[in-house]
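Data from data.pdb: PDB, C-alpha atoms, pLDDT in the B column
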ATOM      1  CA  MET A   1       6.494  -2.525   8.531  1.00 68.00           C
ATOM      2  CA  PHE A   2       2.764  -3.134   8.125  1.00 79.00           C
ATOM      3  CA  GLY A   3       2.858  -6.569   9.728  1.00 82.00           C
ATOM      4  CA  GLY A   4       0.450  -8.221   7.300  1.00 87.00           C
ATOM      5  CA  VAL A   5      -1.236  -8.256   3.911  1.00 87.00           C
ATOM      6  CA  PRO A   6      -4.732  -7.086   2.949  1.00 88.00           C
ATOM      7  CA  ARG A   7      -7.556  -9.588   2.497  1.00 89.00           C
ATOM      8  CA  ARG A   8      -8.466  -7.879  -0.805  1.00 89.00           C
ATOM      9  CA  LEU A   9      -6.075  -5.836  -2.904  1.00 86.00           C
ATOM     10  CA  VAL A  10      -7.531  -3.485  -5.522  1.00 85.00           C
ATOM     11  CA  LEU A  11      -4.934  -2.908  -8.227  1.00 85.00           C
ATOM     12  CA  ASP A  12      -4.589  -0.445 -10.999  1.00 83.00           C
ATOM     13  CA  ASN A  13      -3.949  -2.554 -14.091  1.00 80.00           C
ATOM     14  CA  PHE A  14      -0.158  -2.301 -14.077  1.00 84.00           C
ATOM     15  CA  PRO A  15       1.607  -4.795 -16.369  1.00 87.00           C
ATOM     16  CA  ALA A  16       3.714  -6.477 -13.662  1.00 89.00           C
ATOM     17  CA  ALA A  17       0.516  -7.823 -12.060  1.00 90.00           C
ATOM     18  CA  VAL A  18      -2.213  -7.799 -14.716  1.00 90.00           C
ATOM     19  CA  ALA A  19      -1.465  -9.496 -18.035  1.00 91.00           C
ATOM     20  CA  GLY A  20      -4.871  -8.873 -19.572  1.00 81.00           C
ATOM     21  CA  PRO A  21      -7.144  -6.111 -18.213  1.00 77.00           C
ATOM     22  CA  ASP A  22     -10.418  -7.694 -19.369  1.00 80.00           C
ATOM     23  CA  PRO A  23     -13.516  -6.133 -17.721  1.00 77.00           C
ATOM     24  CA  LEU A  24     -15.117  -9.505 -16.909  1.00 80.00           C
ATOM     25  CA  SER A  25     -12.159 -11.803 -16.303  1.00 84.00           C
ATOM     26  CA  PRO A  26      -8.827 -10.014 -15.952  1.00 87.00           C
ATOM     27  CA  ARG A  27      -5.734 -12.226 -16.236  1.00 89.00           C
ATOM     28  CA  LEU A  28      -3.026 -11.859 -13.617  1.00 93.00           C
ATOM     29  CA  THR A  29       0.607 -12.497 -14.424  1.00 94.00           C
ATOM     30  CA  ARG A  30       1.798 -15.889 -13.254  1.00 95.00           C
ATOM     31  CA  GLY A  31       4.209 -14.415 -10.708  1.00 94.00           C
ATOM     32  CA  PHE A  32       1.673 -12.103  -9.105  1.00 92.00           C
ATOM     33  CA  LEU A  33      -0.996 -14.804  -9.073  1.00 93.00           C
ATOM     34  CA  GLU A  34       1.397 -17.191  -7.322  1.00 93.00           C
ATOM     35  CA  TYR A  35       2.359 -14.481  -4.826  1.00 89.00           C
ATOM     36  CA  SER A  36      -1.270 -13.642  -4.019  1.00 90.00           C
ATOM     37  CA  GLN A  37      -2.091 -17.331  -3.589  1.00 91.00           C
ATOM     38  CA  ALA A  38       0.915 -17.894  -1.319  1.00 88.00           C
ATOM     39  CA  ARG A  39      -0.127 -14.924   0.842  1.00 87.00           C
ATOM     40  CA  ASP A  40      -3.828 -15.884   0.568  1.00 89.00           C
ATOM     41  CA  PHE A  41      -5.253 -12.533  -0.518  1.00 89.00           C
ATOM     42  CA  LEU A  42      -7.780 -11.696  -3.217  1.00 90.00           C
ATOM     43  CA  VAL A  43      -6.568  -9.604  -6.152  1.00 89.00           C
ATOM     44  CA  ASP A  44      -9.274  -7.347  -7.584  1.00 88.00           C
ATOM     45  CA  PRO A  45      -8.032  -5.352 -10.606  1.00 87.00           C
ATOM     46  CA  ALA A  46      -9.852  -2.052 -11.109  1.00 83.00           C
ATOM     47  CA  ARG A  47     -11.916  -1.621 -14.250  1.00 80.00           C
ATOM     48  CA  VAL A  48     -10.077   0.108 -17.079  1.00 78.00           C
ATOM     49  CA  ARG A  49     -11.028   3.791 -17.414  1.00 75.00           C
ATOM     50  CA  HIS A  50     -12.974   3.808 -14.120  1.00 72.00           C
ATOM     51  CA  PRO A  51     -10.840   5.917 -11.764  1.00 70.00           C
ATOM     52  CA  GLN A  52     -13.471   5.738  -9.022  1.00 73.00           C
ATOM     53  CA  ASP A  53     -12.620   2.026  -8.656  1.00 72.00           C
ATOM     54  CA  LYS A  54      -8.976   2.709  -7.799  1.00 70.00           C
ATOM     55  CA  PRO A  55      -7.602   3.275  -4.319  1.00 65.00           C
ATOM     56  CA  HIS A  56      -6.587   6.837  -3.474  1.00 63.00           C
ATOM     57  CA  VAL A  57      -2.913   5.939  -3.050  1.00 60.00           C
ATOM     58  CA  GLU A  58      -1.854   7.812  -6.181  1.00 59.00           C
ATOM     59  CA  ARG A  59      -2.614  11.137  -4.515  1.00 65.00           C
ATOM     60  CA  GLN A  60       0.134  10.507  -1.975  1.00 74.00           C
ATOM     61  CA  MET A  61       2.842   9.909  -4.573  1.00 77.00           C
ATOM     62  CA  HIS A  62       3.482  13.631  -5.039  1.00 82.00           C
ATOM     63  CA  TYR A  63       3.957  14.021  -1.265  1.00 85.00           C
ATOM     64  CA  VAL A  64       6.485  11.160  -1.199  1.00 89.00           C
ATOM     65  CA  GLN A  65       8.317  12.456  -4.281  1.00 87.00           C
ATOM     66  CA  GLU A  66       8.634  15.968  -2.863  1.00 88.00           C
ATOM     67  CA  ARG A  67       9.315  15.105   0.777  1.00 88.00           C
ATOM     68  CA  PHE A  68      11.293  11.870   0.693  1.00 91.00           C
ATOM     69  CA  TRP A  69      12.882  11.240  -2.727  1.00 89.00           C
ATOM     70  CA  LYS A  70      13.784  14.787  -3.734  1.00 88.00           C
ATOM     71  CA  GLY A  71      17.312  15.506  -2.547  1.00 82.00           C
ATOM     72  CA  GLY A  72      17.643  12.140  -0.799  1.00 88.00           C
ATOM     73  CA  ARG A  73      20.992  10.359  -0.623  1.00 93.00           C
ATOM     74  CA  PHE A  74      21.044   6.574  -0.497  1.00 95.00           C
ATOM     75  CA  HIS A  75      24.110   4.335  -0.351  1.00 95.00           C
ATOM     76  CA  ASP A  76      22.332   1.179  -1.509  1.00 96.00           C
ATOM     77  CA  LEU A  77      18.909  -0.480  -1.511  1.00 95.00           C
ATOM     78  CA  ALA A  78      19.145  -1.499   2.149  1.00 94.00           C
ATOM     79  CA  ASP A  79      19.954   2.101   3.137  1.00 95.00           C
ATOM     80  CA  CYS A  80      17.045   3.384   1.047  1.00 95.00           C
ATOM     81  CA  ARG A  81      14.638   0.942   2.695  1.00 93.00           C
ATOM     82  CA  GLU A  82      15.889   1.833   6.184  1.00 94.00           C
ATOM     83  CA  GLN A  83      15.525   5.566   5.514  1.00 94.00           C
ATOM     84  CA  ALA A  84      12.071   5.072   3.971  1.00 93.00           C
ATOM     85  CA  GLU A  85      10.790   3.116   6.960  1.00 92.00           C
ATOM     86  CA  ARG A  86      12.173   5.664   9.414  1.00 93.00           C
ATOM     87  CA  TRP A  87      10.692   8.545   7.362  1.00 93.00           C
ATOM     88  CA  CYS A  88       7.285   6.835   7.232  1.00 92.00           C
ATOM     89  CA  LEU A  89       7.217   6.244  10.990  1.00 92.00           C
ATOM     90  CA  GLU A  90       8.750   9.529  12.159  1.00 93.00           C
ATOM     91  CA  VAL A  91       7.658  12.056   9.518  1.00 93.00           C
ATOM     92  CA  ALA A  92       4.887  11.052   7.106  1.00 92.00           C
ATOM     93  CA  GLY A  93       2.985   8.946   9.627  1.00 92.00           C
ATOM     94  CA  GLN A  94       3.122  11.639  12.341  1.00 95.00           C
ATOM     95  CA  ARG A  95       1.843  14.609  10.324  1.00 93.00           C
ATOM     96  CA  ILE A  96      -1.725  15.876  10.333  1.00 93.00           C
ATOM     97  CA  HIS A  97      -3.187  14.664   7.026  1.00 88.00           C
ATOM     98  CA  GLY A  98      -4.473  17.537   4.888  1.00 84.00           C
ATOM     99  CA  THR A  99      -7.835  15.965   4.051  1.00 83.00           C
ATOM    100  CA  THR A 100      -8.724  13.790   7.030  1.00 87.00           C
ATOM    101  CA  ARG A 101      -7.097  16.062   9.667  1.00 93.00           C
ATOM    102  CA  ARG A 102      -5.916  12.865  11.390  1.00 94.00           C
ATOM    103  CA  VAL A 103      -2.475  11.368  12.072  1.00 95.00           C
ATOM    104  CA  PRO A 104      -1.992   8.565   9.482  1.00 91.00           C
ATOM    105  CA  LEU A 105       0.030   6.242  11.720  1.00 93.00           C
ATOM    106  CA  VAL A 106      -2.574   6.471  14.496  1.00 95.00           C
ATOM    107  CA  VAL A 107      -5.398   5.749  12.022  1.00 94.00           C
ATOM    108  CA  PHE A 108      -3.503   2.749  10.650  1.00 92.00           C
ATOM    109  CA  ARG A 109      -2.774   1.339  14.098  1.00 92.00           C
ATOM    110  CA  ASP A 110      -6.342   1.941  15.348  1.00 94.00           C
ATOM    111  CA  GLU A 111      -8.319   0.953  12.257  1.00 91.00           C
ATOM    112  CA  GLY A 112      -6.224  -0.595   9.497  1.00 89.00           C
ATOM    113  CA  GLN A 113      -3.674  -2.932  11.040  1.00 90.00           C
ATOM    114  CA  SER A 114      -6.279  -5.259  12.558  1.00 88.00           C
ATOM    115  CA  CYS A 115      -7.754  -5.793   9.073  1.00 87.00           C
ATOM    116  CA  LEU A 116      -4.546  -7.319   7.682  1.00 90.00           C
ATOM    117  CA  LEU A 117      -3.930 -11.025   7.279  1.00 87.00           C
ATOM    118  CA  PRO A 118      -0.889 -12.076   9.309  1.00 84.00           C
ATOM    119  CA  LEU A 119       2.454 -12.677   7.635  1.00 77.00           C
ATOM    120  CA  ALA A 120       4.337 -15.870   8.359  1.00 65.00           C
ATOM    121  CA  GLY A 121       6.204 -15.391  11.614  1.00 52.00           C
ATOM    122  CA  ALA A 122       4.320 -12.190  12.505  1.00 50.00           C
ATOM    123  CA  PRO A 123       2.066 -11.896  15.561  1.00 48.00           C
ATOM    124  CA  THR A 124      -1.569 -12.832  14.914  1.00 49.00           C
ATOM    125  CA  THR A 125      -3.891  -9.853  14.342  1.00 45.00           C
ATOM    126  CA  ARG A 126      -7.543  -9.543  15.236  1.00 48.00           C
ATOM    127  CA  PRO A 127     -10.207  -9.924  12.527  1.00 48.00           C
ATOM    128  CA  CYS A 128     -11.184  -6.668  10.802  1.00 51.00           C
ATOM    129  CA  GLY A 129     -13.495  -4.555  12.918  1.00 48.00           C
ATOM    130  CA  VAL A 130     -12.880  -6.531  16.149  1.00 43.00           C
ATOM    131  CA  ARG A 131     -11.467  -4.440  19.001  1.00 41.00           C
TER     132      ARG A 131
END

Just dump the structure as structure tokens.
Amino acid sequence: MFGGVPRRLVLDNFPAAVAGPDPLSPRLTRGFLEYSQARDFLVDPARVRHPQDKPHVERQMHYVQERFWKGGRFHDLADCREQAERWCLEVAGQRIHGTTRRVPLVVFRDEGQSCLLPLAGAPTTRPCGVR
């Protein structure tokens, strides 16, 4: 859907990715470390008890819970993924965002997508900031 991976991924210290949330040298789980190395992106765990370090993704969870998950009917995982992608492209990505007053999908396509590292087999993207 996104067509790439970020160059740097700031994580909340969730146990599936961060085995030891040390402030100076956090330890990643073996699986997540191997994944990040295979995809060639930097993992940057946020400092514990420093919410200003975390991305603002958590704020959108309530929107997704209320607008997509609540009352949804899914036959299996593939159906859920298909519905989620369609909902993101046709509903969530097309709305006027409450804070930015911009259309999220347009912002991603204009500003964010070119900053992603390409996935294997995906078309090459431009370097971040290059138009």

Counting only C-alpha atoms, the option among A:Asn13, A:Phe68, A:Ala19, A:Glu90 closest to Gly31 in chain A:
A:Ala19

Interatomic distance, CA of Arg73 in chain A to CA of Glu85 in chain A (Å, one decimal):
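These atoms are spaced 14.6 Å apart.
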
I'd like the interatomic distance between CA of Arg109 in chain A and CA of Leu89 in chain A, to a tenth of an Å.
11.6 Å

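When CA of Leu116 in chain A is paired with CA of Asp22 in chain A, their separation reads 27.7 Å.
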
Ser36 in chain A proximity check over A:Gln60, A:His50, A:Pro6, A:Gly93, using only C-alpha atoms: winner is A:Pro6

Got a sec to resolve the PyMOL selection byres ((chain A and resi 27) around 12) on this structure and send the residues as a ChimeraX atom specification?
/A:13-26,28-33,43-45

Neighbour list for Leu105 in chain A as a list in words, cut-off 10 Å, all atoms listed in the file, skip fewer than 5 positions in-chain:
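The residues that qualify are Cys88, Leu89, Glu90, Val91, Ala92, Gly93, Gln94, Arg95, Ile96, Asp110, Glu111, Gly112 and Gln113 of chain A.
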
Point out the residue among A:Arg102, A:Gln37, A:Arg81, A:Cys115 with the least atom-to-atom distance to Trp69 in chain A, counting all atoms listed in the file.
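Of the candidates, the smallest distance to Trp69 in chain A is held by A:Arg81.
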
Select, from A:Gly71, A:Tyr63, A:Ala84, A:Leu11, the residue with the minimum atom-to-atom distance to Arg47 in chain A, counting all atoms listed in the file.
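Of A:Gly71, A:Tyr63, A:Ala84, A:Leu11, the one nearest Arg47 in chain A is A:Leu11, counting all atoms listed in the file.
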
Which one of A:Trp87, A:Phe108, A:Ala78, A:Val5 sits closest to Ala38 in chain A if you count only C-alpha atoms?
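Of A:Trp87, A:Phe108, A:Ala78, A:Val5, the one nearest Ala38 in chain A is A:Val5, counting only C-alpha atoms.
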